[in-house]
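The file upload-v2.cif contains mmCIF, C-alpha atoms:
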data_protein
#
loop_
_atom_site.label_atom_id
_atom_site.label_comp_id
_atom_site.auth_asym_id
_atom_site.auth_seq_id
_atom_site.Cartn_x
_atom_site.Cartn_y
_atom_site.Cartn_z
CA ALA A 1390 0.00 0.00 0.00
CA GLN A 1391 1.06 3.56 -0.61
CA ARG A 1392 2.14 5.34 2.52
CA VAL A 1393 4.14 8.44 3.43
CA THR A 1394 5.56 8.78 6.91
CA GLN A 1395 6.87 11.96 8.46
CA PRO A 1396 7.98 10.95 11.92
CA GLU A 1397 8.34 14.44 13.36
CA LYS A 1398 5.26 16.57 13.96
CA LEU A 1399 7.35 19.48 15.17
CA LEU A 1400 10.95 20.40 14.52
CA SER A 1401 12.53 23.39 16.21
CA VAL A 1402 15.99 24.67 15.26
CA PHE A 1403 17.97 27.84 15.71
CA LYS A 1404 18.59 30.22 12.84
CA GLY A 1405 21.74 29.22 10.99
CA ALA A 1406 21.58 25.61 12.10
CA PRO A 1407 21.18 22.75 9.64
CA VAL A 1408 17.74 21.27 9.29
CA GLU A 1409 16.54 17.91 8.04
CA LEU A 1410 12.88 16.99 7.73
CA LYS A 1411 12.45 13.26 7.43
CA CYS A 1412 10.19 11.46 5.00
CA ASN A 1413 9.90 7.74 4.35
CA TYR A 1414 7.57 6.14 1.86
CA SER A 1415 6.11 2.84 0.86
CA TYR A 1416 5.22 2.18 -2.76
CA SER A 1417 5.52 -0.87 -4.93
CA GLY A 1418 6.28 0.89 -8.22
CA SER A 1419 8.34 3.91 -9.21
CA PRO A 1420 6.94 6.86 -7.32
CA GLU A 1421 7.38 10.54 -7.81
CA LEU A 1422 8.17 12.35 -4.57
CA PHE A 1423 7.43 15.94 -3.63
CA TRP A 1424 7.77 18.40 -0.80
CA TYR A 1425 4.97 20.92 -0.37
CA VAL A 1426 5.14 23.88 2.01
CA GLN A 1427 2.49 26.00 3.69
CA TYR A 1428 3.63 29.30 5.15
CA SER A 1429 1.47 31.07 7.69
CA ARG A 1430 -1.73 32.38 6.09
CA GLN A 1431 -0.65 31.21 2.64
CA ARG A 1432 -1.75 28.39 0.38
CA LEU A 1433 -0.13 25.04 0.26
CA GLN A 1434 2.38 25.12 -2.58
CA LEU A 1435 4.98 22.94 -4.21
CA LEU A 1436 8.49 23.38 -2.86
CA LEU A 1437 10.36 20.81 -4.90
CA ARG A 1438 10.06 17.45 -6.67
CA HIS A 1439 12.65 14.74 -6.86
CA ILE A 1440 12.85 14.54 -10.64
CA SER A 1441 13.87 18.19 -10.87
CA ARG A 1442 16.93 17.62 -8.72
CA GLU A 1443 17.17 21.31 -7.95
CA SER A 1444 17.62 23.46 -4.89
CA ILE A 1445 14.72 25.71 -3.98
CA LYS A 1446 15.16 28.37 -1.29
CA GLY A 1447 18.29 26.51 -0.25
CA PHE A 1448 16.42 23.25 0.28
CA THR A 1449 17.38 19.99 -1.39
CA ALA A 1450 15.97 16.49 -1.21
CA ASP A 1451 17.45 13.30 -2.59
CA LEU A 1452 15.42 10.24 -3.32
CA ASN A 1453 17.03 7.20 -1.71
CA LYS A 1454 15.31 4.15 -3.15
CA GLY A 1455 17.26 1.75 -0.98
CA GLU A 1456 16.08 3.41 2.20
CA THR A 1457 12.78 4.55 0.63
CA SER A 1458 13.43 8.03 1.94
CA PHE A 1459 13.14 11.56 0.61
CA HIS A 1460 14.46 13.75 3.40
CA LEU A 1461 14.40 17.53 3.00
CA LYS A 1462 17.59 19.35 3.97
CA LYS A 1463 18.91 22.85 4.30
CA PRO A 1464 22.38 23.64 5.63
CA PHE A 1465 21.49 26.96 7.28
CA ALA A 1466 17.91 27.51 8.39
CA GLN A 1467 16.35 30.96 8.21
CA GLU A 1468 13.45 32.35 10.23
CA GLU A 1469 11.38 32.64 7.05
CA ASP A 1470 11.63 28.87 6.63
CA SER A 1471 9.21 28.44 9.51
CA ALA A 1472 6.22 26.68 7.98
CA MET A 1473 4.37 23.40 7.67
CA TYR A 1474 6.08 20.94 5.35
CA TYR A 1475 4.36 17.99 3.72
CA CYS A 1476 6.06 15.13 1.93
CA ALA A 1477 3.95 13.64 -0.85
CA LEU A 1478 4.05 10.65 -3.16
CA SER A 1479 2.40 10.16 -6.50
CA GLY A 1480 2.40 7.17 -8.74
CA ASN A 1481 0.91 6.14 -12.01
CA THR A 1482 -1.26 3.40 -10.58
CA GLY A 1483 -4.84 4.40 -9.92
CA GLY A 1484 -4.39 7.60 -11.84
CA PHE A 1485 -2.29 10.34 -10.35
CA LYS A 1486 -3.62 10.24 -6.83
CA THR A 1487 -1.20 11.82 -4.42
CA ILE A 1488 -0.66 10.64 -0.88
CA PHE A 1489 0.52 13.20 1.67
CA GLY A 1490 2.31 12.66 4.93
CA ALA A 1491 1.02 14.05 8.20
CA GLY A 1492 3.30 17.05 7.92
CA THR A 1493 6.13 18.51 9.98
CA ARG A 1494 5.93 21.96 11.46
CA LEU A 1495 9.32 23.64 11.28
CA PHE A 1496 10.01 26.44 13.72
CA VAL A 1497 13.21 28.40 13.24
CA LYS A 1498 14.17 30.39 16.30
CA ALA A 1499 16.13 33.62 16.19
CA GLY B 956 -8.46 32.43 -13.48
CA ALA B 957 -5.42 33.27 -11.45
CA GLY B 958 -5.61 30.21 -9.28
CA VAL B 959 -7.86 27.67 -7.62
CA SER B 960 -10.79 29.43 -6.00
CA GLN B 961 -12.76 27.99 -3.10
CA SER B 962 -15.92 29.28 -1.49
CA PRO B 963 -16.93 30.03 1.12
CA SER B 964 -13.67 30.70 2.91
CA ASN B 965 -15.36 30.03 6.24
CA LYS B 966 -18.51 28.12 7.05
CA VAL B 967 -20.10 27.71 10.44
CA THR B 968 -22.97 25.30 10.66
CA GLU B 969 -24.99 23.42 13.21
CA LYS B 970 -24.66 19.73 13.73
CA GLY B 971 -27.04 17.83 11.48
CA LYS B 972 -27.18 20.44 8.73
CA ASP B 973 -25.97 19.85 5.18
CA VAL B 974 -23.18 21.96 3.70
CA GLU B 975 -21.86 22.52 0.19
CA LEU B 976 -18.30 23.58 -0.51
CA ARG B 977 -17.33 24.87 -3.91
CA CYS B 978 -14.10 24.64 -5.89
CA ASP B 979 -13.27 26.44 -9.10
CA PRO B 980 -10.07 24.93 -10.54
CA ILE B 981 -7.52 26.65 -12.72
CA SER B 982 -8.97 27.02 -16.20
CA GLY B 983 -8.07 24.07 -18.38
CA HIS B 984 -6.92 21.83 -15.55
CA THR B 985 -8.25 18.35 -16.11
CA ALA B 986 -7.70 16.91 -12.65
CA LEU B 987 -9.31 18.06 -9.42
CA TYR B 988 -8.72 16.84 -5.89
CA TRP B 989 -10.39 17.33 -2.54
CA TYR B 990 -8.50 16.96 0.75
CA ARG B 991 -9.33 17.44 4.39
CA GLN B 992 -6.77 19.10 6.63
CA SER B 993 -7.22 18.53 10.32
CA LEU B 994 -4.97 19.55 13.19
CA GLY B 995 -2.42 16.84 13.70
CA GLN B 996 -3.84 14.70 10.89
CA GLY B 997 -2.10 16.14 7.89
CA LEU B 998 -3.77 16.09 4.53
CA GLU B 999 -6.39 13.42 4.09
CA PHE B 1000 -7.28 12.52 0.50
CA LEU B 1001 -11.01 12.54 -0.14
CA ILE B 1002 -11.77 12.30 -3.85
CA TYR B 1003 -10.10 12.77 -7.22
CA PHE B 1004 -11.62 13.66 -10.60
CA GLN B 1005 -9.73 13.17 -13.84
CA GLY B 1006 -11.38 14.33 -17.03
CA ASN B 1007 -14.42 12.25 -17.90
CA SER B 1008 -13.26 9.19 -15.98
CA ALA B 1009 -15.13 7.87 -13.00
CA PRO B 1010 -13.89 9.66 -9.87
CA ASP B 1011 -11.70 7.96 -7.31
CA LYS B 1012 -13.86 8.15 -4.19
CA SER B 1013 -11.70 5.89 -2.09
CA GLY B 1014 -10.92 8.57 0.48
CA LEU B 1015 -14.45 9.65 1.34
CA PRO B 1016 -14.86 8.85 5.06
CA SER B 1017 -18.56 8.02 5.00
CA ASP B 1018 -21.63 8.06 2.79
CA ARG B 1019 -22.47 11.47 4.18
CA PHE B 1020 -19.75 12.83 1.93
CA SER B 1021 -20.20 13.21 -1.81
CA ALA B 1022 -18.74 15.31 -4.59
CA GLU B 1023 -19.52 16.11 -8.13
CA ARG B 1024 -17.81 17.93 -10.91
CA THR B 1025 -20.01 19.52 -13.50
CA GLY B 1026 -18.84 20.12 -17.03
CA GLY B 1027 -15.33 19.09 -16.14
CA SER B 1028 -14.76 22.30 -14.24
CA VAL B 1029 -16.39 23.44 -10.99
CA SER B 1030 -16.72 20.89 -8.22
CA THR B 1031 -18.97 20.78 -5.19
CA LEU B 1032 -18.24 18.76 -2.07
CA THR B 1033 -21.38 18.05 -0.08
CA ILE B 1034 -21.44 16.90 3.51
CA GLN B 1035 -24.83 15.74 4.75
CA ARG B 1036 -25.93 15.69 8.38
CA THR B 1037 -22.70 17.30 9.52
CA GLN B 1038 -21.02 16.09 12.69
CA GLN B 1039 -18.57 17.91 14.93
CA GLU B 1040 -15.75 15.67 13.74
CA ASP B 1041 -16.28 17.05 10.23
CA SER B 1042 -14.79 20.35 11.41
CA ALA B 1043 -11.62 20.90 9.39
CA VAL B 1044 -10.17 22.85 6.50
CA TYR B 1045 -11.25 21.41 3.18
CA LEU B 1046 -8.71 21.96 0.43
CA CYS B 1047 -9.19 21.69 -3.29
CA ALA B 1048 -6.38 21.32 -5.80
CA SER B 1049 -6.13 21.00 -9.55
CA SER B 1050 -3.51 19.83 -11.99
CA SER B 1051 -2.98 19.30 -15.67
CA PRO B 1052 -0.58 17.71 -18.12
CA PRO B 1053 2.29 17.78 -18.79
CA ASN B 1054 2.96 18.08 -15.04
CA GLN B 1055 -0.05 16.08 -13.93
CA ASN B 1056 1.49 15.35 -10.55
CA ILE B 1057 2.02 18.97 -9.53
CA GLN B 1058 -1.02 20.21 -7.68
CA TYR B 1059 -2.14 23.80 -7.25
CA PHE B 1060 -4.12 24.41 -4.12
CA GLY B 1061 -6.93 26.71 -3.20
CA ALA B 1062 -7.00 28.68 0.03
CA GLY B 1063 -9.44 26.22 1.53
CA THR B 1064 -12.78 26.34 3.29
CA ARG B 1065 -12.68 26.26 7.07
CA LEU B 1066 -15.72 24.33 8.26
CA SER B 1067 -16.83 24.59 11.85
CA VAL B 1068 -19.65 22.35 13.02
CA LEU B 1069 -21.16 23.49 16.30
#

Would you mind giving the structure from this file in structure tokens?
Amino acid sequence: AQRVTQPEKLLSVFKGAPVELKCNYSYSGSPELFWYVQYSRQRLQLLLRHISRESIKGFTADLNKGETSFHLKKPFAQEEDSAMYYCALSGNTGGFKTIFGAGTRLFVKA
Amino acid sequence: GAGVSQSPSNKVTEKGKDVELRCDPISGHTALYWYRQSLGQGLEFLIYFQGNSAPDKSGLPSDRFSAERTGGSVSTLTIQRTQQEDSAVYLCASSSPPNQNIQYFGAGTRLSVL
């Protein structure tokens, strides 16, 4: 069964510290993985997707098929990174239904 | 339109009443999704429409929930005989080829059942 697990509900770091938001998934085929972000009083929006292999706002995420993980990382957190982050998985079975994790709230302290 | 539009933005209702939530997707987007966002529960998939295909209703929590999409555009999510546990933010998203998997979200409808 498709499943996305984000083990941390809340992650608090100091400004300038490295941050890693964990995401593990379960999927029998070849999934596409995403990170979505929701800033305070803003809409949920795409942050990055694994096939793009790019850095967005200093964040990167590498798909590790062996560990079935797609952790989101940033070497130096900024206060404006404080937001709710959702890891998501989409596959081509059953259409393009996307499964979201429970989300991790990141709080970057000054 | 500029983005996915949802109405109303807030809805307060009494337990047992029916409610209708509306979603206007981005023009031309063929896929439309409904999610429920509850505190501590993340995003719960409800239903997915893709073009003229039969919708994927596998996420609807009970038969009190239903959704339709008329003319391949606007969608309405209906909750009958609302219960307090239905209180949540209901999000709509749409997508379209070639990036079918990238979803664009509306601002949501916050439903409060008293």

(request) Check what the PyMOL selection byres ((chain A) within 12 of (chain B)) selects in the file above and give those residues as a PyMOL selection string. (result) chain A and resi 1392-1395+1397-1399+1420-1441+1473-1494

(message) Need the shell around region 1448-1452 of chain A: protein/DNA/RNA residues with any atom at most 7 Å away, counting only C-alpha atoms. Skip same-chain ones fewer than 3 positions apart. Format as a PyMOL selection string?
(response) chain A and resi 1439+1443-1445+1458-1463

(request) Neighbourhood query: residues within 10 Å of (-18.7, 17.7, 12.3), file coordinates, counting all atoms listed in the file; return as number ranges by chain. (result) B: 968-972, 1034-1043, 1066-1069

Only C-alpha atoms, please: the residues just picked out, written as a PDB file, in the frame of the given file.
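Result file is again-v2.pdb:
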ATOM      1  CA  THR B 968     -22.970  25.300  10.660  1.00  0.00           C
ATOM      2  CA  GLU B 969     -24.990  23.420  13.210  1.00  0.00           C
ATOM      3  CA  LYS B 970     -24.660  19.730  13.730  1.00  0.00           C
ATOM      4  CA  GLY B 971     -27.040  17.830  11.480  1.00  0.00           C
ATOM      5  CA  LYS B 972     -27.180  20.440   8.730  1.00  0.00           C
ATOM      6  CA  ILE B1034     -21.440  16.900   3.510  1.00  0.00           C
ATOM      7  CA  GLN B1035     -24.830  15.740   4.750  1.00  0.00           C
ATOM      8  CA  ARG B1036     -25.930  15.690   8.380  1.00  0.00           C
ATOM      9  CA  THR B1037     -22.700  17.300   9.520  1.00  0.00           C
ATOM     10  CA  GLN B1038     -21.020  16.090  12.690  1.00  0.00           C
ATOM     11  CA  GLN B1039     -18.570  17.910  14.930  1.00  0.00           C
ATOM     12  CA  GLU B1040     -15.750  15.670  13.740  1.00  0.00           C
ATOM     13  CA  ASP B1041     -16.280  17.050  10.230  1.00  0.00           C
ATOM     14  CA  SER B1042     -14.790  20.350  11.410  1.00  0.00           C
ATOM     15  CA  ALA B1043     -11.620  20.900   9.390  1.00  0.00           C
ATOM     16  CA  LEU B1066     -15.720  24.330   8.260  1.00  0.00           C
ATOM     17  CA  SER B1067     -16.830  24.590  11.850  1.00  0.00           C
ATOM     18  CA  VAL B1068     -19.650  22.350  13.020  1.00  0.00           C
ATOM     19  CA  LEU B1069     -21.160  23.490  16.300  1.00  0.00           C
TER      20      LEU B1069
END

Using all atoms listed in the file, find all polymer residues with an atom at most 9 Å away from the point (17.0, 30.7, 6.0); report them as a JSON list (two decimals) with C-alpha atoms, keeping the file's coordinate frame.
[["chain", "number", "residue", "atom", "x", "y", "z"],
["A", 1404, "LYS", "CA", 18.59, 30.22, 12.84],
["A", 1405, "GLY", "CA", 21.74, 29.22, 10.99],
["A", 1446, "LYS", "CA", 15.16, 28.37, -1.29],
["A", 1447, "GLY", "CA", 18.29, 26.51, -0.25],
["A", 1463, "LYS", "CA", 18.91, 22.85, 4.30],
["A", 1464, "PRO", "CA", 22.38, 23.64, 5.63],
["A", 1465, "PHE", "CA", 21.49, 26.96, 7.28],
["A", 1466, "ALA", "CA", 17.91, 27.51, 8.39],
["A", 1467, "GLN", "CA", 16.35, 30.96, 8.21],
["A", 1468, "GLU", "CA", 13.45, 32.35, 10.23],
["A", 1469, "GLU", "CA", 11.38, 32.64, 7.05],
["A", 1470, "ASP", "CA", 11.63, 28.87, 6.63],
["A", 1471, "SER", "CA", 9.21, 28.44, 9.51],
["A", 1497, "VAL", "CA", 13.21, 28.40, 13.24]]

(message) Please compute the CA of Ser982 (chain B)-CA of Asn1007 (chain B) distance, one decimal, in Å.
(response)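 It comes out at 15.8 Å.
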
(message) If the PyMOL selection byres ((chain B and resi 1023) around 9) were run on this exact file, what residues would it hold? Put them as a list in words.
(response) Phe1004, Pro1010, Ser1021, Ala1022, Arg1024, Thr1025, Val1029, Ser1030, Thr1031, Leu1032 and Thr1033 of chain B

(request) Enter the distance from CA of Thr1064 (chain B) to CA of Ala1390 (chain A), in Å, rounded to one decimal. (result)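 A separation of 29.5 Å between them.
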
(request) Between CA of Pro1016 (chain B) and CA of Tyr1045 (chain B), measure the distance and give it in Å to one decimal. (result)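 Rounded to one decimal, the two atoms are 13.2 Å apart.
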
Could you pull region 978-1008 of chain B out of the block above and save it with N, CA and C atoms, as a PDB file, in the first residue's frame?
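Here's the written file out_5.pdb:
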ATOM      1  N   CYS B 978     -15.467  24.479  -5.396  1.00  0.00           N
ATOM      2  CA  CYS B 978     -14.098  24.637  -5.885  1.00  0.00           C
ATOM      3  C   CYS B 978     -14.116  24.966  -7.363  1.00  0.00           C
ATOM      4  N   ASP B 979     -13.413  26.022  -7.711  1.00  0.00           N
ATOM      5  CA  ASP B 979     -13.269  26.444  -9.103  1.00  0.00           C
ATOM      6  C   ASP B 979     -11.804  26.230  -9.468  1.00  0.00           C
ATOM      7  N   PRO B 980     -11.489  25.220 -10.260  1.00  0.00           N
ATOM      8  CA  PRO B 980     -10.073  24.934 -10.543  1.00  0.00           C
ATOM      9  C   PRO B 980      -9.487  25.940 -11.527  1.00  0.00           C
ATOM     10  N   ILE B 981      -8.178  25.830 -11.709  1.00  0.00           N
ATOM     11  CA  ILE B 981      -7.524  26.650 -12.723  1.00  0.00           C
ATOM     12  C   ILE B 981      -8.078  26.261 -14.088  1.00  0.00           C
ATOM     13  N   SER B 982      -8.371  27.256 -14.881  1.00  0.00           N
ATOM     14  CA  SER B 982      -8.974  27.016 -16.195  1.00  0.00           C
ATOM     15  C   SER B 982      -8.124  26.056 -17.026  1.00  0.00           C
ATOM     16  N   GLY B 983      -8.775  25.029 -17.540  1.00  0.00           N
ATOM     17  CA  GLY B 983      -8.067  24.071 -18.382  1.00  0.00           C
ATOM     18  C   GLY B 983      -7.475  22.896 -17.636  1.00  0.00           C
ATOM     19  N   HIS B 984      -7.450  22.960 -16.317  1.00  0.00           N
ATOM     20  CA  HIS B 984      -6.917  21.828 -15.552  1.00  0.00           C
ATOM     21  C   HIS B 984      -7.911  20.672 -15.587  1.00  0.00           C
ATOM     22  N   THR B 985      -7.383  19.506 -15.920  1.00  0.00           N
ATOM     23  CA  THR B 985      -8.255  18.349 -16.109  1.00  0.00           C
ATOM     24  C   THR B 985      -8.482  17.562 -14.827  1.00  0.00           C
ATOM     25  N   ALA B 986      -7.582  17.682 -13.887  1.00  0.00           N
ATOM     26  CA  ALA B 986      -7.698  16.906 -12.649  1.00  0.00           C
ATOM     27  C   ALA B 986      -8.063  17.816 -11.483  1.00  0.00           C
ATOM     28  N   LEU B 987      -8.882  17.292 -10.597  1.00  0.00           N
ATOM     29  CA  LEU B 987      -9.310  18.061  -9.424  1.00  0.00           C
ATOM     30  C   LEU B 987      -9.347  17.136  -8.220  1.00  0.00           C
ATOM     31  N   TYR B 988      -8.856  17.639  -7.104  1.00  0.00           N
ATOM     32  CA  TYR B 988      -8.715  16.835  -5.887  1.00  0.00           C
ATOM     33  C   TYR B 988      -9.358  17.565  -4.716  1.00  0.00           C
ATOM     34  N   TRP B 989      -9.914  16.799  -3.814  1.00  0.00           N
ATOM     35  CA  TRP B 989     -10.386  17.330  -2.540  1.00  0.00           C
ATOM     36  C   TRP B 989      -9.612  16.639  -1.410  1.00  0.00           C
ATOM     37  N   TYR B 990      -9.192  17.463  -0.435  1.00  0.00           N
ATOM     38  CA  TYR B 990      -8.502  16.957   0.745  1.00  0.00           C
ATOM     39  C   TYR B 990      -9.141  17.573   1.982  1.00  0.00           C
ATOM     40  N   ARG B 991      -8.909  16.897   3.097  1.00  0.00           N
ATOM     41  CA  ARG B 991      -9.331  17.443   4.387  1.00  0.00           C
ATOM     42  C   ARG B 991      -8.073  17.613   5.230  1.00  0.00           C
ATOM     43  N   GLN B 992      -7.954  18.790   5.821  1.00  0.00           N
ATOM     44  CA  GLN B 992      -6.768  19.101   6.629  1.00  0.00           C
ATOM     45  C   GLN B 992      -7.226  19.336   8.049  1.00  0.00           C
ATOM     46  N   SER B 993      -6.855  18.407   8.911  1.00  0.00           N
ATOM     47  CA  SER B 993      -7.220  18.527  10.324  1.00  0.00           C
ATOM     48  C   SER B 993      -5.966  18.699  11.138  1.00  0.00           C
ATOM     49  N   LEU B 994      -6.117  19.350  12.298  1.00  0.00           N
ATOM     50  CA  LEU B 994      -4.970  19.552  13.187  1.00  0.00           C
ATOM     51  C   LEU B 994      -4.376  18.201  13.558  1.00  0.00           C
ATOM     52  N   GLY B 995      -3.101  18.065  13.302  1.00  0.00           N
ATOM     53  CA  GLY B 995      -2.419  16.836  13.697  1.00  0.00           C
ATOM     54  C   GLY B 995      -2.664  15.647  12.788  1.00  0.00           C
ATOM     55  N   GLN B 996      -3.514  15.818  11.777  1.00  0.00           N
ATOM     56  CA  GLN B 996      -3.841  14.696  10.891  1.00  0.00           C
ATOM     57  C   GLN B 996      -3.261  14.853   9.501  1.00  0.00           C
ATOM     58  N   GLY B 997      -2.647  15.947   9.224  1.00  0.00           N
ATOM     59  CA  GLY B 997      -2.100  16.142   7.894  1.00  0.00           C
ATOM     60  C   GLY B 997      -3.182  16.319   6.865  1.00  0.00           C
ATOM     61  N   LEU B 998      -2.850  15.955   5.642  1.00  0.00           N
ATOM     62  CA  LEU B 998      -3.774  16.086   4.527  1.00  0.00           C
ATOM     63  C   LEU B 998      -4.390  14.731   4.217  1.00  0.00           C
ATOM     64  N   GLU B 999      -5.686  14.664   4.335  1.00  0.00           N
ATOM     65  CA  GLU B 999      -6.393  13.417   4.086  1.00  0.00           C
ATOM     66  C   GLU B 999      -7.056  13.480   2.720  1.00  0.00           C
ATOM     67  N   PHE B1000      -6.687  12.571   1.832  1.00  0.00           N
ATOM     68  CA  PHE B1000      -7.282  12.516   0.497  1.00  0.00           C
ATOM     69  C   PHE B1000      -8.757  12.141   0.609  1.00  0.00           C
ATOM     70  N   LEU B1001      -9.589  12.845  -0.129  1.00  0.00           N
ATOM     71  CA  LEU B1001     -11.013  12.541  -0.145  1.00  0.00           C
ATOM     72  C   LEU B1001     -11.464  11.961  -1.471  1.00  0.00           C
ATOM     73  N   ILE B1002     -11.262  12.730  -2.548  1.00  0.00           N
ATOM     74  CA  ILE B1002     -11.772  12.303  -3.849  1.00  0.00           C
ATOM     75  C   ILE B1002     -10.962  12.970  -4.953  1.00  0.00           C
ATOM     76  N   TYR B1003     -10.916  12.299  -6.106  1.00  0.00           N
ATOM     77  CA  TYR B1003     -10.096  12.770  -7.220  1.00  0.00           C
ATOM     78  C   TYR B1003     -10.890  12.611  -8.511  1.00  0.00           C
ATOM     79  N   PHE B1004     -10.973  13.676  -9.293  1.00  0.00           N
ATOM     80  CA  PHE B1004     -11.618  13.657 -10.597  1.00  0.00           C
ATOM     81  C   PHE B1004     -10.551  13.822 -11.670  1.00  0.00           C
ATOM     82  N   GLN B1005     -10.646  13.044 -12.723  1.00  0.00           N
ATOM     83  CA  GLN B1005      -9.727  13.170 -13.844  1.00  0.00           C
ATOM     84  C   GLN B1005     -10.548  13.124 -15.128  1.00  0.00           C
ATOM     85  N   GLY B1006     -10.665  14.264 -15.766  1.00  0.00           N
ATOM     86  CA  GLY B1006     -11.377  14.331 -17.030  1.00  0.00           C
ATOM     87  C   GLY B1006     -12.766  13.748 -16.926  1.00  0.00           C
ATOM     88  N   ASN B1007     -13.097  12.884 -17.861  1.00  0.00           N
ATOM     89  CA  ASN B1007     -14.421  12.255 -17.895  1.00  0.00           C
ATOM     90  C   ASN B1007     -14.443  10.891 -17.235  1.00  0.00           C
ATOM     91  N   SER B1008     -13.317  10.504 -16.630  1.00  0.00           N
ATOM     92  CA  SER B1008     -13.262   9.194 -15.977  1.00  0.00           C
ATOM     93  C   SER B1008     -14.070   9.190 -14.694  1.00  0.00           C
TER      94      SER B1008
END
